[in-house]
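Undergrad: The file below is model-v6.txt, compact mmCIF, C-alpha atoms and all ligand atoms:
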```
# COMPACT_ATOMS: atom_id res chain seq x y z
CA MET A 1 0.00 0.00 0.00
CA SER A 2 1.29 3.46 -0.70
CA ALA A 3 -1.24 5.19 1.56
CA GLU A 4 -1.96 3.63 4.91
CA TYR A 5 -3.66 5.06 7.93
CA TYR A 6 -3.24 4.83 11.67
CA THR A 7 -6.66 3.62 12.66
CA GLY A 8 -6.50 5.19 16.12
CA GLU A 9 -6.26 8.67 14.60
CA PRO A 10 -9.07 10.57 12.91
CA ILE A 11 -8.38 10.77 9.20
CA PRO A 12 -8.90 14.21 7.71
CA ALA A 13 -11.61 13.97 5.09
CA PRO A 14 -12.54 16.37 2.33
CA ARG A 15 -15.86 18.13 2.78
CA LYS A 16 -18.58 16.82 0.55
CA TYR A 17 -19.61 20.14 -0.98
CA LEU A 18 -22.81 20.21 -3.01
CA ASP A 19 -20.83 20.91 -6.20
CA PHE A 20 -19.10 17.53 -5.74
CA GLN A 21 -22.30 15.56 -5.01
CA GLY A 22 -22.16 13.40 -8.16
CA PHE A 23 -18.49 12.58 -7.59
CA TRP A 24 -19.01 11.37 -4.00
CA GLN A 25 -22.23 9.54 -4.82
CA GLY A 26 -20.38 7.73 -7.60
CA ALA A 27 -17.52 6.81 -5.26
CA ASP A 28 -20.02 5.35 -2.78
CA GLU A 29 -21.34 3.18 -5.62
CA GLY A 30 -17.86 2.15 -6.83
CA LYS A 31 -17.95 4.35 -9.94
CA LEU A 32 -15.71 7.20 -11.02
CA ILE A 33 -18.21 9.89 -11.97
CA LEU A 34 -17.10 13.32 -13.12
CA GLN A 35 -18.87 16.50 -14.04
CA ARG A 36 -19.59 17.16 -17.69
CA CYS A 37 -21.03 20.24 -19.33
CA GLY A 38 -24.69 19.65 -20.20
CA SER A 39 -24.40 21.92 -23.21
CA CYS A 40 -21.12 21.12 -25.03
CA GLY A 41 -19.99 17.93 -23.26
CA THR A 42 -16.69 19.29 -21.93
CA TRP A 43 -15.42 17.38 -18.90
CA CYS A 44 -15.04 19.62 -15.84
CA HIS A 45 -12.82 18.26 -13.12
CA ILE A 46 -12.68 19.61 -10.50
CA PRO A 47 -16.42 20.33 -10.48
CA GLN A 48 -17.22 23.97 -11.14
CA PRO A 49 -20.31 26.14 -11.48
CA MET A 50 -19.68 27.09 -15.12
CA CYS A 51 -18.23 25.29 -18.15
CA PRO A 52 -14.74 26.66 -18.88
CA LYS A 53 -15.32 26.23 -22.64
CA CYS A 54 -18.87 27.47 -23.40
CA HIS A 55 -19.77 29.13 -20.05
CA SER A 56 -22.97 27.10 -19.71
CA VAL A 57 -24.21 26.41 -16.19
CA GLU A 58 -25.93 23.17 -17.30
CA LYS A 59 -24.14 20.29 -15.61
CA THR A 60 -24.40 16.54 -15.84
CA TRP A 61 -22.53 13.69 -14.15
CA ALA A 62 -21.12 10.91 -16.27
CA PRO A 63 -18.93 7.85 -15.67
CA VAL A 64 -15.37 7.79 -17.01
CA SER A 65 -13.29 4.74 -17.90
CA GLY A 66 -11.27 4.91 -14.68
CA LYS A 67 -8.17 4.18 -16.75
CA GLY A 68 -5.22 6.49 -17.08
CA LYS A 69 -1.54 6.95 -16.42
CA VAL A 70 0.60 8.52 -13.72
CA TYR A 71 1.24 12.09 -14.81
CA SER A 72 3.19 13.14 -11.72
CA TRP A 73 3.56 12.38 -8.02
CA VAL A 74 5.10 13.53 -4.78
CA THR A 75 6.33 11.31 -1.96
CA TYR A 76 5.83 12.36 1.66
CA TYR A 77 8.61 11.00 3.87
CA GLU A 78 7.20 12.75 6.92
CA SER A 79 3.50 12.71 7.54
CA PRO A 80 1.72 16.07 7.74
CA HIS A 81 -0.98 14.40 9.88
CA PRO A 82 -0.75 11.72 12.59
CA GLY A 83 -3.37 9.63 10.77
CA PHE A 84 -1.18 9.06 7.70
CA LYS A 85 1.66 6.54 7.70
CA ALA A 86 4.74 7.84 5.88
CA PRO A 87 6.22 7.32 3.41
CA TYR A 88 3.31 7.58 1.01
CA ALA A 89 2.75 9.11 -2.40
CA VAL A 90 0.14 11.49 -3.74
CA VAL A 91 -0.26 10.97 -7.46
CA LEU A 92 -1.71 13.02 -10.28
CA VAL A 93 -3.39 10.62 -12.69
CA GLU A 94 -4.21 11.68 -16.24
CA LEU A 95 -7.38 9.86 -17.24
CA GLU A 96 -7.99 8.51 -20.75
CA GLU A 97 -10.60 11.25 -21.13
CA GLY A 98 -7.88 13.88 -20.52
CA MET A 99 -8.76 15.18 -17.06
CA ARG A 100 -6.28 14.87 -14.23
CA ILE A 101 -7.23 13.68 -10.76
CA VAL A 102 -5.29 13.74 -7.48
CA SER A 103 -5.28 10.43 -5.61
CA ASN A 104 -3.13 7.67 -4.13
CA LEU A 105 -1.90 4.39 -5.55
CA VAL A 106 -2.67 1.14 -3.78
CA ASP A 107 -0.27 -1.80 -3.70
CA VAL A 108 2.57 0.28 -5.18
CA GLN A 109 5.43 1.51 -3.04
CA PRO A 110 6.45 5.13 -3.70
CA LYS A 111 9.89 3.98 -4.95
CA ASP A 112 8.18 1.84 -7.62
CA ILE A 113 6.06 4.61 -9.14
CA LYS A 114 7.00 5.46 -12.73
CA MET A 115 6.03 8.36 -14.97
CA GLY A 116 3.38 7.16 -17.43
CA MET A 117 2.61 4.01 -15.42
CA PRO A 118 -0.79 2.66 -16.57
CA VAL A 119 -3.30 2.67 -13.72
CA GLU A 120 -6.99 2.03 -13.17
CA VAL A 121 -9.39 3.20 -10.51
CA THR A 122 -10.26 1.21 -7.44
CA PHE A 123 -12.26 2.24 -4.40
CA GLU A 124 -11.23 2.16 -0.77
CA LYS A 125 -13.57 2.65 2.17
CA ILE A 126 -11.44 4.58 4.64
CA ALA A 127 -14.15 5.45 7.17
CA GLU A 128 -17.86 5.05 7.75
CA ASN A 129 -19.68 6.78 4.87
CA PHE A 130 -16.39 7.67 3.23
CA VAL A 131 -15.11 5.97 0.10
CA LEU A 132 -12.12 7.32 -1.81
CA PRO A 133 -11.34 6.62 -5.45
CA LYS A 134 -7.74 5.46 -5.65
CA PHE A 135 -5.69 3.87 -8.39
CA LYS A 136 -3.87 0.57 -8.84
CA LYS A 137 -1.36 -0.62 -11.42
CA ALA A 138 -3.19 -1.71 -14.59
ZN ZN A 201 -19.70 23.65 -22.17
```
Translate the structure of the given file into structure tokens.

TA:
Amino acid sequence: MSAEYYTGEPIPAPRKYLDFQGFWQGADEGKLILQRCGSCGTWCHIPQPMCPKCHSVEKTWAPVSGKGKVYSWVTYYESPHPGFKAPYAVVLVELEEGMRIVSNLVDVQPKDIKMGMPVEVTFEKIAENFVLPKFKKA
């Protein structure tokens, strides 16, 4: 595992803002769902109130392939929070659809991460009512 947690510590969790509702609902169902413009179809990740291409405020949520490649990463050798076991890596995955998403890799040690490594989404329940999309080697 490249991101492990100390179970005795509270794990900081992102707030589930209304703008991210489709993303978190998808994660709970084991699907990677991202925002898409309801007018021109442009993918919008991170979710935003207005399409960056056509400025429409019509939004939809749609599944993506969940496949991509490691675009970049950073390894933490000291944990910024007592709930995270260091070392661990935070990766930036470029999805097949072109958007980039920040996540962790599972079952890959930070020293084994390679630029362009093919990955696919997986889901990890890290707390009650909290599922995170993560990525594994494809
Ligand atoms: Zn648009």

Undergrad: To one decimal place in Å, what is the distance between atom CA of A:Lys69 and atom CA of A:Val119?

TA: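 Distance reported for this atom pair: 5.4 Å.
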
Undergrad: Report as a list in words all protein, DNA and RNA residues lying within 12 Å of A:Val106, evaluated on all atoms listed in the file, omitting residues in the same chain fewer than 2 positions from it.

TA: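 Counting only the stated atoms, we get Met1, Ser2, Ala3, Glu4, Tyr88, Ala89, Val90, Val91, Ser103, Asn104, Val108, Gln109, Pro110, Asp112, Ile113, Val119, Glu120, Val121, Thr122, Phe123, Glu124, Leu132, Pro133, Lys134, Phe135, Lys136, Lys137 and Ala138 of chain A.
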
Undergrad: Rounded to one decimal, what separation in Å do you get between atom CA of A:Ile126 and atom CA of A:Gln25?

TA: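 According to the coordinates, atom CA of A:Ile126 and atom CA of A:Gln25 are separated by 15.2 Å.
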
Undergrad: Could you tell me how far atom CA of A:Gly98 sits from atom CA of A:Val70, in Å to one decimal place?

TA: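 We find that atom CA of A:Val70 and atom CA of A:Gly98 lie 12.1 Å from each other.
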
Undergrad: Quick one: contact table of chain A to ligand ZN 201 (chain A), 9 Å max, nearest atom pair and distance in Å to one decimal per residue, counting only C-alpha atoms and all ligand atoms, chain and number order, as a Markdown table?

TA:
```
| residue | atom | partner | partner_atom | distance |
| --- | --- | --- | --- | --- |
| A:Arg36 | CA | A:ZN201 | ZN | 7.9 |
| A:Cys37 | CA | A:ZN201 | ZN | 4.6 |
| A:Gly38 | CA | A:ZN201 | ZN | 6.7 |
| A:Ser39 | CA | A:ZN201 | ZN | 5.1 |
| A:Cys40 | CA | A:ZN201 | ZN | 4.1 |
| A:Gly41 | CA | A:ZN201 | ZN | 5.8 |
| A:Thr42 | CA | A:ZN201 | ZN | 5.3 |
| A:Trp43 | CA | A:ZN201 | ZN | 8.3 |
| A:Cys44 | CA | A:ZN201 | ZN | 8.8 |
| A:Met50 | CA | A:ZN201 | ZN | 7.8 |
| A:Cys51 | CA | A:ZN201 | ZN | 4.6 |
| A:Pro52 | CA | A:ZN201 | ZN | 6.7 |
| A:Lys53 | CA | A:ZN201 | ZN | 5.1 |
| A:Cys54 | CA | A:ZN201 | ZN | 4.1 |
| A:His55 | CA | A:ZN201 | ZN | 5.9 |
| A:Ser56 | CA | A:ZN201 | ZN | 5.4 |
| A:Val57 | CA | A:ZN201 | ZN | 8.0 |
| A:Glu58 | CA | A:ZN201 | ZN | 7.9 |
| A:Lys59 | CA | A:ZN201 | ZN | 8.6 |
```

Undergrad: For A:Ser72, which of A:Glu9, A:Lys85, A:Val93, A:Ile33 is the closest residue, counting only C-alpha atoms?

TA: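 Among the listed residues, the smallest separation from A:Ser72 belongs to A:Val93.
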
Undergrad: From the set A:Leu105, A:Met117, A:Ile46, A:Leu18, which residue has the shortest atom-to-atom contact distance to A:Thr75, counting all atoms listed in the file?

TA: A:Leu105

Undergrad: Restricting the calculation to all atoms listed in the file: of A:Val64, A:Met115, A:Ile11, A:Leu34, which residue gets closest to A:Glu96?

TA: A:Val64

Undergrad: Atoms are missing here; could stretch 62-73 of chain A be completed with all heavy atoms and written as a short mmCIF file (atom, residue, chain, number, x, y, z; two decimals), in the frame of the given file?

TA:
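Full text of rebuild.cif as output:
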```cif
data_model
loop_
_atom_site.label_atom_id
_atom_site.label_comp_id
_atom_site.auth_asym_id
_atom_site.auth_seq_id
_atom_site.Cartn_x
_atom_site.Cartn_y
_atom_site.Cartn_z
N ALA A 62 -21.26 12.05 -15.37
CA ALA A 62 -21.12 10.91 -16.27
C ALA A 62 -19.93 10.04 -15.83
O ALA A 62 -18.93 10.57 -15.33
CB ALA A 62 -20.91 11.39 -17.70
N PRO A 63 -20.05 8.73 -16.02
CA PRO A 63 -18.93 7.85 -15.67
C PRO A 63 -17.78 8.00 -16.66
O PRO A 63 -17.99 8.28 -17.83
CB PRO A 63 -19.54 6.45 -15.75
CG PRO A 63 -20.68 6.59 -16.68
CD PRO A 63 -21.19 8.00 -16.55
N VAL A 64 -16.56 7.84 -16.16
CA VAL A 64 -15.37 7.79 -17.01
C VAL A 64 -14.81 6.37 -16.94
O VAL A 64 -15.21 5.57 -16.10
CB VAL A 64 -14.31 8.83 -16.59
CG1 VAL A 64 -14.81 10.25 -16.86
CG2 VAL A 64 -13.91 8.67 -15.15
N SER A 65 -13.84 6.10 -17.81
CA SER A 65 -13.29 4.74 -17.90
C SER A 65 -12.60 4.30 -16.62
O SER A 65 -12.54 3.11 -16.32
CB SER A 65 -12.31 4.64 -19.07
OG SER A 65 -11.15 5.42 -18.78
N GLY A 66 -12.05 5.26 -15.88
CA GLY A 66 -11.27 4.91 -14.68
C GLY A 66 -9.86 4.48 -15.02
O GLY A 66 -9.09 4.11 -14.14
N LYS A 67 -9.52 4.56 -16.32
CA LYS A 67 -8.17 4.18 -16.75
C LYS A 67 -7.36 5.42 -17.09
O LYS A 67 -7.90 6.40 -17.59
CB LYS A 67 -8.26 3.26 -17.97
CG LYS A 67 -8.92 1.94 -17.66
CD LYS A 67 -9.02 1.06 -18.88
CE LYS A 67 -9.71 -0.24 -18.48
NZ LYS A 67 -10.01 -1.08 -19.63
N GLY A 68 -6.08 5.35 -16.79
CA GLY A 68 -5.22 6.49 -17.08
C GLY A 68 -3.77 6.13 -16.85
O GLY A 68 -3.39 4.95 -16.85
N LYS A 69 -2.96 7.17 -16.65
CA LYS A 69 -1.54 6.95 -16.42
C LYS A 69 -1.05 7.96 -15.38
O LYS A 69 -1.63 9.04 -15.23
CB LYS A 69 -0.75 7.07 -17.72
CG LYS A 69 -0.87 8.42 -18.38
CD LYS A 69 -0.20 8.45 -19.74
CE LYS A 69 -0.41 9.82 -20.37
NZ LYS A 69 0.07 9.92 -21.72
N VAL A 70 0.02 7.60 -14.70
CA VAL A 70 0.60 8.52 -13.72
C VAL A 70 1.22 9.69 -14.47
O VAL A 70 2.11 9.50 -15.30
CB VAL A 70 1.65 7.80 -12.84
CG1 VAL A 70 2.37 8.80 -11.95
CG2 VAL A 70 1.00 6.70 -12.01
N TYR A 71 0.73 10.87 -14.17
CA TYR A 71 1.24 12.09 -14.81
C TYR A 71 2.36 12.69 -13.97
O TYR A 71 3.34 13.19 -14.49
CB TYR A 71 0.09 13.08 -14.98
CG TYR A 71 0.49 14.35 -15.67
CD1 TYR A 71 0.55 14.42 -17.06
CD2 TYR A 71 0.80 15.50 -14.94
CE1 TYR A 71 0.91 15.58 -17.71
CE2 TYR A 71 1.16 16.67 -15.58
CZ TYR A 71 1.23 16.70 -16.97
OH TYR A 71 1.59 17.86 -17.59
N SER A 72 2.19 12.62 -12.65
CA SER A 72 3.19 13.14 -11.72
C SER A 72 2.89 12.60 -10.32
O SER A 72 1.82 12.02 -10.10
CB SER A 72 3.16 14.67 -11.71
OG SER A 72 4.21 15.19 -10.93
N TRP A 73 3.81 12.80 -9.39
CA TRP A 73 3.56 12.38 -8.02
C TRP A 73 4.55 13.05 -7.09
O TRP A 73 5.58 13.58 -7.53
CB TRP A 73 3.63 10.86 -7.84
CG TRP A 73 5.01 10.28 -7.86
CD1 TRP A 73 5.78 9.97 -6.78
CD2 TRP A 73 5.80 9.94 -9.01
NE1 TRP A 73 7.00 9.46 -7.19
CE2 TRP A 73 7.03 9.43 -8.56
CE3 TRP A 73 5.59 10.02 -10.39
CZ2 TRP A 73 8.03 9.02 -9.42
CZ3 TRP A 73 6.58 9.61 -11.25
CH2 TRP A 73 7.78 9.11 -10.76
#
```
